[in-house]
Structure formats: structure tokens, C-alpha cells
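Asker: Hey, dropping model_24.cif in here, mmCIF, C-alpha atoms and all ligand atoms:
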data_start
loop_
_atom_site.label_atom_id
_atom_site.label_comp_id
_atom_site.auth_asym_id
_atom_site.auth_seq_id
_atom_site.Cartn_x
_atom_site.Cartn_y
_atom_site.Cartn_z
CA MET A 1 -1.42 -30.40 72.95
CA ILE A 2 1.39 -30.56 70.43
CA ARG A 3 3.55 -27.63 69.36
CA TRP A 4 5.76 -28.03 66.36
CA LEU A 5 8.07 -26.04 64.13
CA THR A 6 10.14 -26.72 61.06
CA ALA A 7 13.53 -25.33 60.00
CA GLY A 8 15.73 -25.63 56.95
CA GLU A 9 16.39 -24.15 53.53
CA SER A 10 15.65 -25.85 50.22
CA HIS A 11 19.35 -26.25 49.39
CA GLY A 12 20.70 -25.98 52.94
CA GLU A 13 22.13 -28.90 54.89
CA CYS A 14 18.82 -30.40 55.98
CA MET A 15 15.15 -30.01 56.83
CA LEU A 16 14.19 -30.26 60.50
CA ALA A 17 11.00 -30.82 62.47
CA LEU A 18 10.74 -30.30 66.22
CA ILE A 19 7.60 -31.68 67.84
CA GLU A 20 6.68 -31.30 71.47
CA GLY A 21 3.70 -32.80 73.24
CA LEU A 22 3.58 -36.33 71.84
CA PRO A 23 2.72 -38.72 74.67
CA ALA A 24 5.27 -41.12 76.16
CA GLY A 25 5.17 -44.76 75.11
CA LEU A 26 4.42 -44.35 71.40
CA ALA A 27 6.31 -46.86 69.24
CA VAL A 28 8.19 -44.96 66.54
CA ASP A 29 8.45 -46.86 63.29
CA ALA A 30 11.28 -45.21 61.32
CA ASP A 31 10.39 -47.22 58.19
CA PHE A 32 6.90 -45.76 58.25
CA ILE A 33 8.27 -42.20 58.47
CA ASN A 34 10.52 -42.91 55.49
CA GLN A 35 7.67 -44.44 53.49
CA GLU A 36 5.67 -41.25 54.04
CA LEU A 37 8.65 -39.16 52.92
CA SER A 38 8.97 -41.29 49.82
CA ARG A 39 5.24 -40.87 49.03
CA ARG A 40 5.76 -37.07 49.11
CA GLN A 41 8.49 -37.39 46.50
CA GLN A 42 6.28 -39.16 44.00
CA GLY A 43 3.65 -38.18 41.46
CA TYR A 44 3.54 -37.54 37.73
CA GLY A 45 4.90 -34.11 36.77
CA ARG A 46 7.57 -33.73 39.45
CA GLY A 47 10.81 -31.97 38.58
CA ALA A 48 14.46 -33.09 38.49
CA ARG A 49 15.03 -32.37 42.22
CA MET A 50 13.00 -35.42 43.20
CA GLY A 51 15.41 -37.57 41.19
CA ILE A 52 18.31 -36.21 43.25
CA GLU A 53 16.88 -36.43 46.77
CA LYS A 54 16.15 -39.66 48.63
CA ASP A 55 14.47 -38.36 51.75
CA THR A 56 15.07 -40.37 54.90
CA ALA A 57 14.67 -39.14 58.47
CA ARG A 58 17.07 -39.34 61.39
CA ILE A 59 15.48 -39.17 64.81
CA LEU A 60 17.72 -37.00 66.96
CA SER A 61 15.85 -36.82 70.25
CA GLY A 62 12.78 -37.76 72.24
CA ILE A 63 12.98 -41.56 71.94
CA LYS A 64 14.61 -44.46 73.75
CA ASN A 65 14.48 -48.00 72.38
CA ASN A 66 12.15 -46.72 69.64
CA ARG A 67 9.51 -45.39 72.04
CA THR A 68 8.73 -41.75 72.74
CA LEU A 69 9.73 -40.36 76.13
CA GLY A 70 7.20 -37.51 76.16
CA SER A 71 10.08 -35.11 75.51
CA PRO A 72 10.48 -33.10 72.27
CA VAL A 73 11.17 -35.20 69.18
CA ALA A 74 13.62 -33.74 66.66
CA LEU A 75 13.66 -35.17 63.14
CA LEU A 76 16.33 -34.39 60.55
CA VAL A 77 16.13 -35.06 56.81
CA PRO A 78 19.40 -34.31 54.99
CA ASN A 79 19.33 -32.49 51.63
CA ARG A 80 21.52 -34.21 49.05
CA ASP A 81 21.61 -30.99 47.06
CA CYS A 82 22.93 -28.60 49.71
CA SER A 83 24.57 -26.12 47.35
CA ILE A 84 22.85 -23.06 48.88
CA ASP A 85 26.02 -20.92 48.89
CA ASP A 86 26.99 -21.78 45.32
CA LEU A 87 23.66 -21.33 43.54
CA PRO A 88 23.28 -18.16 41.45
CA GLY A 89 21.15 -15.32 42.81
CA PHE A 90 18.40 -13.59 40.82
CA THR A 91 16.80 -10.17 40.67
CA ALA A 92 13.74 -11.07 38.52
CA PRO A 93 11.04 -12.13 41.03
CA ARG A 94 8.69 -14.88 39.86
CA PRO A 95 4.97 -13.96 39.78
CA GLY A 96 3.01 -16.30 42.06
CA HIS A 97 5.92 -16.76 44.47
CA ALA A 98 7.00 -15.09 47.73
CA ASP A 99 9.95 -13.52 45.83
CA LEU A 100 8.88 -9.87 45.41
CA ALA A 101 7.11 -9.30 48.75
CA GLY A 102 9.82 -11.31 50.55
CA MET A 103 12.66 -9.26 48.99
CA HIS A 104 10.89 -6.06 50.08
CA LYS A 105 10.06 -7.31 53.58
CA TYR A 106 13.49 -8.71 54.47
CA ASP A 107 15.49 -6.20 52.41
CA PHE A 108 17.13 -8.62 49.96
CA GLU A 109 18.24 -7.78 46.43
CA ASP A 110 18.64 -11.50 45.72
CA GLY A 111 15.42 -13.50 45.30
CA ARG A 112 17.25 -16.69 46.29
CA CYS A 113 17.39 -15.44 49.88
CA VAL A 114 13.57 -15.70 49.85
CA LEU A 115 13.21 -18.81 47.69
CA GLU A 116 15.36 -20.95 49.95
CA ARG A 117 12.88 -20.89 52.84
CA ALA A 118 9.66 -20.16 50.91
CA SER A 119 10.21 -23.30 48.79
CA ALA A 120 7.83 -26.22 49.28
CA ARG A 121 10.88 -28.37 50.08
CA GLU A 122 9.91 -27.36 53.64
CA THR A 123 6.96 -29.75 53.38
CA VAL A 124 9.47 -32.62 53.86
CA ALA A 125 9.63 -31.62 57.54
CA ARG A 126 5.83 -31.40 57.74
CA VAL A 127 5.46 -34.91 56.35
CA ALA A 128 8.01 -36.24 58.88
CA ALA A 129 6.12 -34.58 61.76
CA GLY A 130 2.81 -35.76 60.31
CA ALA A 131 4.09 -39.35 60.13
CA LEU A 132 4.70 -39.33 63.89
CA CYS A 133 1.18 -38.02 64.40
CA LYS A 134 -0.21 -40.73 62.11
CA LEU A 135 1.54 -43.35 64.23
CA PHE A 136 -0.19 -41.91 67.29
CA LEU A 137 -3.60 -41.78 65.58
CA ARG A 138 -3.15 -45.36 64.38
CA GLU A 139 -2.93 -46.44 68.05
CA LEU A 140 -6.49 -45.12 68.43
CA GLY A 141 -7.62 -46.82 65.21
CA ILE A 142 -7.81 -43.53 63.28
CA THR A 143 -6.58 -43.71 59.68
CA LEU A 144 -5.82 -41.07 57.07
CA ARG A 145 -5.60 -41.31 53.31
CA SER A 146 -5.81 -39.00 50.32
CA ARG A 147 -6.52 -38.98 46.61
CA THR A 148 -5.97 -36.65 43.70
CA VAL A 149 -9.39 -35.47 42.52
CA SER A 150 -8.23 -33.53 39.46
CA VAL A 151 -5.19 -32.03 37.75
CA GLY A 152 -5.73 -29.03 35.48
CA GLY A 153 -9.46 -29.81 35.50
CA CYS A 154 -9.02 -33.47 34.39
CA THR A 155 -10.38 -36.16 36.69
CA ASN A 156 -9.27 -39.14 34.61
CA ARG A 157 -5.73 -40.35 35.38
CA ALA A 158 -4.68 -40.83 31.76
CA ALA A 159 -6.08 -37.39 30.84
CA GLN A 160 -4.18 -35.85 33.77
CA ARG A 161 -0.91 -37.26 32.49
CA LYS A 162 -1.60 -36.04 28.97
CA ARG A 163 -2.36 -32.59 30.29
CA ILE A 164 0.85 -32.57 32.35
CA ASP A 165 2.85 -33.66 29.27
CA ARG A 166 1.25 -30.87 27.25
CA ALA A 167 2.02 -28.31 29.97
CA ARG A 168 5.63 -29.50 30.12
CA LYS A 169 5.97 -29.10 26.32
CA LYS A 170 4.58 -25.59 26.51
CA GLY A 171 6.84 -24.59 29.43
CA ASP A 172 3.71 -24.23 31.53
CA THR A 173 2.38 -25.69 34.80
CA LEU A 174 -0.81 -27.02 36.41
CA GLY A 175 -2.62 -27.17 39.73
CA GLY A 176 -5.52 -29.30 40.85
CA ILE A 177 -7.67 -30.61 43.66
CA PHE A 178 -6.88 -33.25 46.28
CA GLU A 179 -8.95 -34.84 48.99
CA VAL A 180 -7.92 -35.93 52.48
CA ILE A 181 -10.07 -38.47 54.31
CA ALA A 182 -9.78 -39.47 57.99
CA GLU A 183 -11.77 -42.48 59.22
CA HIS A 184 -12.79 -44.05 62.53
CA LEU A 185 -12.78 -40.71 64.32
CA PRO A 186 -14.46 -40.43 67.71
CA VAL A 187 -17.40 -38.05 68.12
CA GLY A 188 -16.61 -34.65 69.65
CA LEU A 189 -13.06 -33.73 68.60
CA GLY A 190 -12.90 -29.93 68.56
CA SER A 191 -15.61 -27.75 70.10
CA TYR A 192 -18.30 -25.20 69.30
CA VAL A 193 -17.68 -23.15 72.47
CA GLN A 194 -14.93 -20.87 71.12
CA TYR A 195 -13.90 -19.83 67.58
CA ASP A 196 -10.35 -21.11 67.92
CA ARG A 197 -11.45 -24.52 69.21
CA ARG A 198 -13.57 -25.32 66.13
CA LEU A 199 -11.98 -28.28 64.38
CA ASP A 200 -13.06 -27.09 60.92
CA ALA A 201 -11.26 -23.78 61.50
CA ARG A 202 -8.13 -25.53 62.76
CA LEU A 203 -8.09 -27.95 59.84
CA ALA A 204 -8.71 -25.18 57.30
CA ALA A 205 -5.81 -23.11 58.69
CA ALA A 206 -3.48 -26.12 58.62
CA LEU A 207 -4.43 -27.08 55.06
CA VAL A 208 -4.30 -23.54 53.66
CA SER A 209 -0.80 -23.21 55.14
CA ILE A 210 0.40 -25.72 52.51
CA PRO A 211 2.19 -23.73 49.78
CA ALA A 212 -0.09 -23.18 46.76
CA VAL A 213 -3.29 -24.35 48.51
CA LYS A 214 -5.84 -21.60 47.96
CA GLY A 215 -9.13 -23.20 48.95
CA VAL A 216 -10.45 -25.78 51.40
CA GLU A 217 -13.90 -27.30 51.66
CA PHE A 218 -15.48 -29.93 53.88
CA GLY A 219 -18.02 -32.44 52.60
CA LEU A 220 -20.29 -30.78 50.05
CA GLY A 221 -18.39 -27.54 50.67
CA PHE A 222 -19.18 -24.79 48.16
CA ALA A 223 -21.80 -26.96 46.45
CA ALA A 224 -23.93 -26.87 49.64
CA ALA A 225 -24.55 -23.17 49.03
CA ASP A 226 -26.73 -24.04 46.01
CA ARG A 227 -28.92 -26.64 47.72
CA TYR A 228 -32.05 -26.56 49.85
CA GLY A 229 -31.34 -27.35 53.49
CA SER A 230 -33.45 -30.48 53.15
CA GLN A 231 -31.01 -31.72 50.47
CA ALA A 232 -27.85 -30.63 52.23
CA HIS A 233 -28.05 -31.86 55.83
CA ASP A 234 -27.51 -35.46 56.88
CA ARG A 235 -30.57 -36.97 58.60
CA ILE A 236 -30.01 -38.67 61.93
CA TYR A 237 -31.08 -42.31 62.44
CA TYR A 238 -30.89 -44.59 65.46
CA GLN A 239 -30.69 -48.36 65.75
CA GLU A 240 -30.39 -50.48 68.89
CA GLY A 241 -26.81 -51.78 69.10
CA ARG A 242 -25.57 -49.47 66.37
CA GLY A 243 -26.49 -46.15 67.97
CA TYR A 244 -26.90 -42.95 65.98
CA TYR A 245 -25.96 -43.06 62.32
CA ARG A 246 -26.33 -41.22 58.98
CA ARG A 247 -26.95 -42.45 55.47
CA THR A 248 -25.19 -39.48 53.85
CA ASN A 249 -22.06 -37.48 54.70
CA ASN A 250 -22.64 -34.09 53.11
CA ALA A 251 -21.18 -32.39 56.19
CA GLY A 252 -17.85 -34.17 55.64
CA GLY A 253 -17.79 -35.44 59.22
CA LEU A 254 -17.98 -32.03 60.92
CA GLU A 255 -20.92 -30.29 62.58
CA GLY A 256 -20.59 -27.30 64.90
CA GLY A 257 -16.80 -27.40 64.75
CA MET A 258 -16.71 -31.00 66.02
CA THR A 259 -16.33 -34.44 64.53
CA ASN A 260 -19.68 -36.21 64.34
CA GLY A 261 -18.39 -39.77 63.94
CA GLN A 262 -18.62 -39.76 60.12
CA PRO A 263 -15.48 -39.84 57.98
CA LEU A 264 -13.79 -36.45 57.77
CA VAL A 265 -13.61 -35.35 54.12
CA CYS A 266 -11.57 -32.24 53.22
CA ARG A 267 -10.85 -31.08 49.68
CA CYS A 268 -8.09 -28.61 48.81
CA ALA A 269 -7.59 -26.52 45.65
CA MET A 270 -3.97 -26.08 44.60
CA LYS A 271 -3.04 -23.26 42.23
CA PRO A 272 -0.73 -24.02 39.25
CA ILE A 273 3.00 -24.24 40.08
CA ALA A 274 4.38 -20.70 39.94
CA THR A 275 7.82 -21.34 38.40
CA LEU A 276 7.30 -21.47 34.63
CA GLN A 277 9.95 -22.77 32.26
CA LYS A 278 8.50 -20.28 29.75
CA PRO A 279 8.47 -17.43 32.27
CA LEU A 280 5.96 -14.63 32.66
CA PRO A 281 7.20 -11.04 32.37
CA THR A 282 8.31 -9.40 35.61
CA VAL A 283 10.40 -6.40 36.67
CA ASP A 284 14.10 -6.63 37.49
CA VAL A 285 14.44 -5.12 40.97
CA LYS A 286 17.80 -3.54 40.08
CA SER A 287 17.16 -2.07 36.62
CA LYS A 288 13.34 -1.70 36.99
CA LYS A 289 13.15 -2.98 33.39
CA THR A 290 10.64 -5.57 32.19
CA VAL A 291 12.38 -8.96 31.96
CA PRO A 292 11.36 -12.63 31.96
CA ALA A 293 10.95 -14.03 35.49
CA SER A 294 13.72 -16.15 36.94
CA VAL A 295 13.58 -19.82 35.91
CA GLN A 296 14.40 -22.46 38.51
CA ARG A 297 14.36 -26.25 38.56
CA SER A 298 10.71 -27.01 39.21
CA ASP A 299 7.72 -29.34 39.19
CA ILE A 300 5.12 -29.10 36.41
CA ALA A 301 2.40 -30.32 38.77
CA ALA A 302 2.59 -31.54 42.37
CA VAL A 303 -1.00 -32.32 43.36
CA GLU A 304 -0.23 -35.93 44.35
CA ALA A 305 2.62 -34.76 46.60
CA ALA A 306 0.52 -31.95 48.06
CA ALA A 307 -2.12 -34.55 49.00
CA VAL A 308 0.48 -36.37 51.11
CA VAL A 309 1.34 -33.06 52.78
CA GLY A 310 -2.41 -32.54 53.32
CA GLU A 311 -2.62 -35.88 55.16
CA ALA A 312 0.30 -34.83 57.35
CA MET A 313 -1.22 -31.45 58.21
CA ALA A 314 -4.59 -33.03 59.00
CA ALA A 315 -2.81 -35.62 61.15
CA THR A 316 -1.17 -32.90 63.27
CA VAL A 317 -4.53 -31.20 63.90
CA LEU A 318 -6.33 -34.47 64.70
CA THR A 319 -3.51 -35.51 67.05
CA ASP A 320 -3.82 -32.20 68.84
CA ALA A 321 -7.59 -32.61 69.16
CA CYS A 322 -7.25 -36.20 70.46
CA LEU A 323 -4.67 -35.20 73.09
CA GLU A 324 -7.00 -32.40 74.16
CA ARG A 325 -9.88 -34.82 74.58
CA PHE A 326 -8.25 -37.99 75.89
CA GLY A 327 -5.18 -36.81 77.87
CA GLN A 328 -1.60 -36.07 76.99
CA ASP A 329 1.04 -37.75 79.13
CA ASN A 330 1.25 -41.40 78.17
CA LEU A 331 -0.25 -43.59 75.50
CA LYS A 332 -1.58 -46.23 77.92
CA MET A 333 -3.70 -43.70 79.78
CA ILE A 334 -4.86 -42.03 76.55
CA LYS A 335 -6.00 -45.38 75.11
CA LYS A 336 -7.89 -46.18 78.31
CA THR A 337 -9.69 -42.81 78.28
CA PHE A 338 -10.37 -43.23 74.55
CA ARG A 339 -12.04 -46.63 75.10
CA GLN A 340 -14.23 -45.22 77.90
CA ALA A 341 -15.37 -42.12 75.95
C1 LIG A 401 4.46 -30.57 47.33
C2 LIG A 401 4.62 -29.23 46.69
C3 LIG A 401 5.57 -29.05 45.71
C4 LIG A 401 5.74 -27.81 45.09
N1 LIG A 401 6.69 -27.69 44.12
C5 LIG A 401 6.87 -26.48 43.53
C6 LIG A 401 7.86 -26.33 42.51
O1 LIG A 401 8.59 -27.26 42.16
N2 LIG A 401 7.97 -25.11 41.93
C7 LIG A 401 7.20 -24.04 42.30
O2 LIG A 401 7.34 -22.98 41.73
N3 LIG A 401 6.25 -24.16 43.25
C8 LIG A 401 6.07 -25.36 43.89
N4 LIG A 401 5.10 -25.49 44.86
C9 LIG A 401 4.26 -24.34 45.20
C10 LIG A 401 5.02 -23.17 45.81
O3 LIG A 401 5.81 -23.59 46.89
C11 LIG A 401 4.06 -22.04 46.24
O4 LIG A 401 3.17 -21.76 45.22
C12 LIG A 401 4.87 -20.80 46.57
O5 LIG A 401 5.68 -21.05 47.69
C13 LIG A 401 4.02 -19.57 46.83
O6 LIG A 401 3.14 -19.77 47.90
P1 LIG A 401 1.57 -19.59 47.72
O7 LIG A 401 1.26 -20.29 46.44
O8 LIG A 401 0.95 -20.30 48.88
O9 LIG A 401 1.27 -18.14 47.66
C14 LIG A 401 4.92 -26.72 45.46
C15 LIG A 401 3.96 -26.90 46.48
C16 LIG A 401 3.80 -28.14 47.09
C17 LIG A 401 2.77 -28.32 48.16
#
Kindly transcribe the structure held in the file into C-alpha cells.
Answerer:
Amino acid sequence: MIRWLTAGESHGECMLALIEGLPAGLAVDADFINQELSRRQQGYGRGARMGIEKDTARILSGIKNNRTLGSPVALLVPNRDCSIDDLPGFTAPRPGHADLAGMHKYDFEDGRCVLERASARETVARVAAGALCKLFLRELGITLRSRTVSVGGCTNRAAQRKRIDRARKKGDTLGGIFEVIAEHLPVGLGSYVQYDRRLDARLAAALVSIPAVKGVEFGLGFAAADRYGSQAHDRIYYQEGRGYYRRTNNAGGLEGGMTNGQPLVCRCAMKPIATLQKPLPTVDVKSKKTVPASVQRSDIAAVEAAAVVGEAMAATVLTDACLERFGQDNLKMIKKTFRQA
């Protein structure tokens, strides 16, 4: 099983990911990691920060001649803007952010002390870790992709852009929905035997941990609640040579906390970005007077970027589940067990 952590502040020296449990013998393609980091930086509606940073990873440990050794892999992504000690503090916590509760919990008068770690810049490290996991999954033929379903309620790309432009003009922000799809999954990842082994629960926890993600659904998701069972569940068919199959995928590839061989389809709802250029009223923690919330450099919408983070988080969970099922030590053995399963 993998264990992983991230470290780093938004405007500190760097973002770090430390991943333990990847098998030995996995070819590490640094270009692929950097492509994933670049995908996270893109999307219509991003703020000025993305024009400053050019995220590229340095692999500090865990590999020799571009192959994993089975030891912990440390990845470092430098921050170009590392002005943490020079940036002004603030005492007007932003509604929708960790600011107020974080200042109370850690006893800070300066909201920046919270912002620096609570910022979604941390997702750089997640995407770097997720890229390694994707490389592992690729060895088993498992692929992940994502798409933006809607931004501010608009499903059409041109309409999304218009809505983002309008929000920008008004000093406002937007959220949206993105979908993560994993294909060519083996049957039986996860388990029904214990609550914490259910793959749906593990995926939901990983996806909801993405900043601003407030809802996750699989397959039909919430819409299934309004249907008859006969219209919700995917009938089982069998054909010689093909085996068991379905003609629908309302379950989104998961039944009983396990993969059922269908594509995994997860959808995530992202709330609107919480930093508004036309700020909401808040309370200054020093004066206790009503003031406009602090304004920081910020995205207007980041659904496309969040989708890339969603892929990365799903990749870490699927990697974990594959290692659990097919072995952990070296890629050769895992591939052999995978083929026999
Ligand atoms: C890829 C990505 C980029 C984000 N960019 C911003 C941003 O520029 N400004 C902002 O206020 N929030 C941004 N967020 C969302 C905040 O990080 C998040 O809403 C905040 O940390 C509070 O956490 P919560 O919404 O989960 O409660 C972004 C989230 C993601 C996933």
C-alpha cells in the first residue's frame, strides 16, 4: 500500500510530495510528470499566479537510472514566487476560506499564516504524486482522464467562457462540475468486507479532500435516488468468449465497494472560488469592525485544473487498491499476478 504526504507553502520555497510504497522497477518518465503539472496550470479563468509559475518536478530520491527502487520517492516543485516573508499580512478573513477557523485554531492574528498552507497551490504536489501513480497504473493498462462537465451551470464551452468573463468583470467567481473516468480496471479492486476497504468510500474521501470540492457522485449518483430500481441497476449479460458484461453503466463501475470491470465514473461538484475581487463583508479580527474581506491574487474559476487534481487523487487510490490486490514489491511480479487474476 502507498503512504504519501505533501509539504510546502503557497509562496514558500517549494512544494514537496513524499510517496512510499511504489513497487521497484517502475520506469519514471519525468516529462510525463511535468506534462501533468502543466495541465494543472491551465484552464480558462485562472489568475495571474499561473502566468508566473512554470511547474516542473525534481526527483530527489527513490530512483536509480530512472527506475524506482521501492524506497520512498521525494518530488520537489520549486515556487518561482517564494516571497512568503515579504507578503503583507491581513486581519480580514475571507468567507469561504480556512482563514477564520485557522486563525482561531492555530492562534494567528495574521490570515496569511493560514492561507499559505490552506491554498490550493498544494495540489501541485498531489498532481506530481498522482503522475507517478498514473505511470504505475499505465503498466497495468489502466488509464485515467477527466472532463469539465459545467462551469457556473453552463455546459457549453463558449457559454462557460462568457460566464467566466462576466464573473471577472463583476469581481465575482464561479465553481462547476468535473468528471474523472478510469478505464480498463480489473474486477474486484476494493472490498465489501469492511467499511474502510470500500473503494467508493476511499475514492470519495480522496476527491472531497480537494480544496473546494463539496460533492462526489458515482455513475448516476444523486439521480439514481429518483428512479425505480429496474431503471437504475445495470443488467448482467454473458457471452462465450466475452464473459460477463453490461449494456449500461449507471453504477459508475462500482458495486458493493468494488470495481465491477466497467469504467469508473466519478463526478465532483466544486464550489465557487472563495477569494472575490469585489469582496464580501467580514469582521476584522483586531478591531471587530465590519470590513471588506482581504483580496488576494486569485483564479476566477479553476474547474479544469481541479479535474486534473481529481485524476491524480483517483490515481493514488486506484494504485493503492491494485497494490493491495496484486502485490507490492516489484513491478514484474505485480504484472504477472495481474495477468493471472
Ligand atoms: C486547482 C484549484 C485552484 C484553486 N484556486 C483558488 C484561488 O485561486 N483562489 C481561491 O480563493 N480559491 C482557490 N481554490 C479553492 C480554495 O483552495 C478552497 O476553496 C479553500 O482552500 C477552502 O477550502 P474548502 O473550499 O474545501 O472549504 C482552488 C481550488 C483548486 C482545486
Asker: Residues within 7 Å of ligand LIG 401 (chain A) (all atoms listed in the file), as a VMD selection string?
Answerer: chain A and resid 40 47 96 to 98 118 to 121 123 210 to 214 271 273 to 275 297 to 300 302 to 303 305 to 306 309
Asker: Here's a test: counting all atoms listed in the file, identify every protein, DNA and RNA residue with an atom at most 8 Å from (7.0, -12.3, 28.7) in the file's coordinate frame, and state them as a ChimeraX atom specification.
Answerer: /A:279-282,291-292
Asker: Calculated over all atoms listed in the file, which of the candidates A:Lys64, A:Arg112, A:His233, A:Lys335 has the smallest distance to Pro93 (chain A)?
Answerer: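 Going through A:Lys64, A:Arg112, A:His233, A:Lys335 one by one, the smallest distance to Pro93 (chain A) is for A:Arg112.
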Asker: Taking 5 positions as the minimum chain separation for residues in the same chain, which residues sit within 8 Å of region 49-62 of chain A when counting all atoms listed in the file? Answer as JSON, numbers by chain.
Answerer: {"A": [30, 33, 34, 37, 38, 41, 42, 68, 69, 70, 71, 72, 73, 74, 75, 76, 77, 78, 79, 80, 81, 124, 128, 297, 298]}
Asker: Of the candidates A:Arg161, A:Lys289, A:Arg126, A:Arg46, which shows the shortest atom-to-atom distance to Thr316 (chain A), using only C-alpha atoms?
Answerer: A:Arg126
Asker: Excluding Glu179 (chain A) and any residue of its chain fewer than 3 positions from it, enumerate the residues within 12 Å of it, using only C-alpha atoms, and give them as number ranges by chain.
Answerer: A: 144-150, 176, 182, 207, 213, 215-219, 252, 264-270, 303-311, 314
Asker: What does the distance from CA of Ala315 (chain A) to CA of Gly8 (chain A) come to in Å, to one decimal?
Answerer: 21.5 Å
Asker: Grab the CA of Pro272 (chain A) to CA of Val285 (chain A) distance for me, in Å with one decimal place.
Answerer: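 Interatomic distance, CA of Pro272 (chain A) to CA of Val285 (chain A): 24.3 Å.
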Asker: If you measure from CA of Ser287 (chain A) to CA of Asp85 (chain A), what distance in Å do you get, rounded to one decimal?
Answerer: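 Taking CA of Ser287 (chain A) and CA of Asp85 (chain A), their separation equals 24.2 Å.
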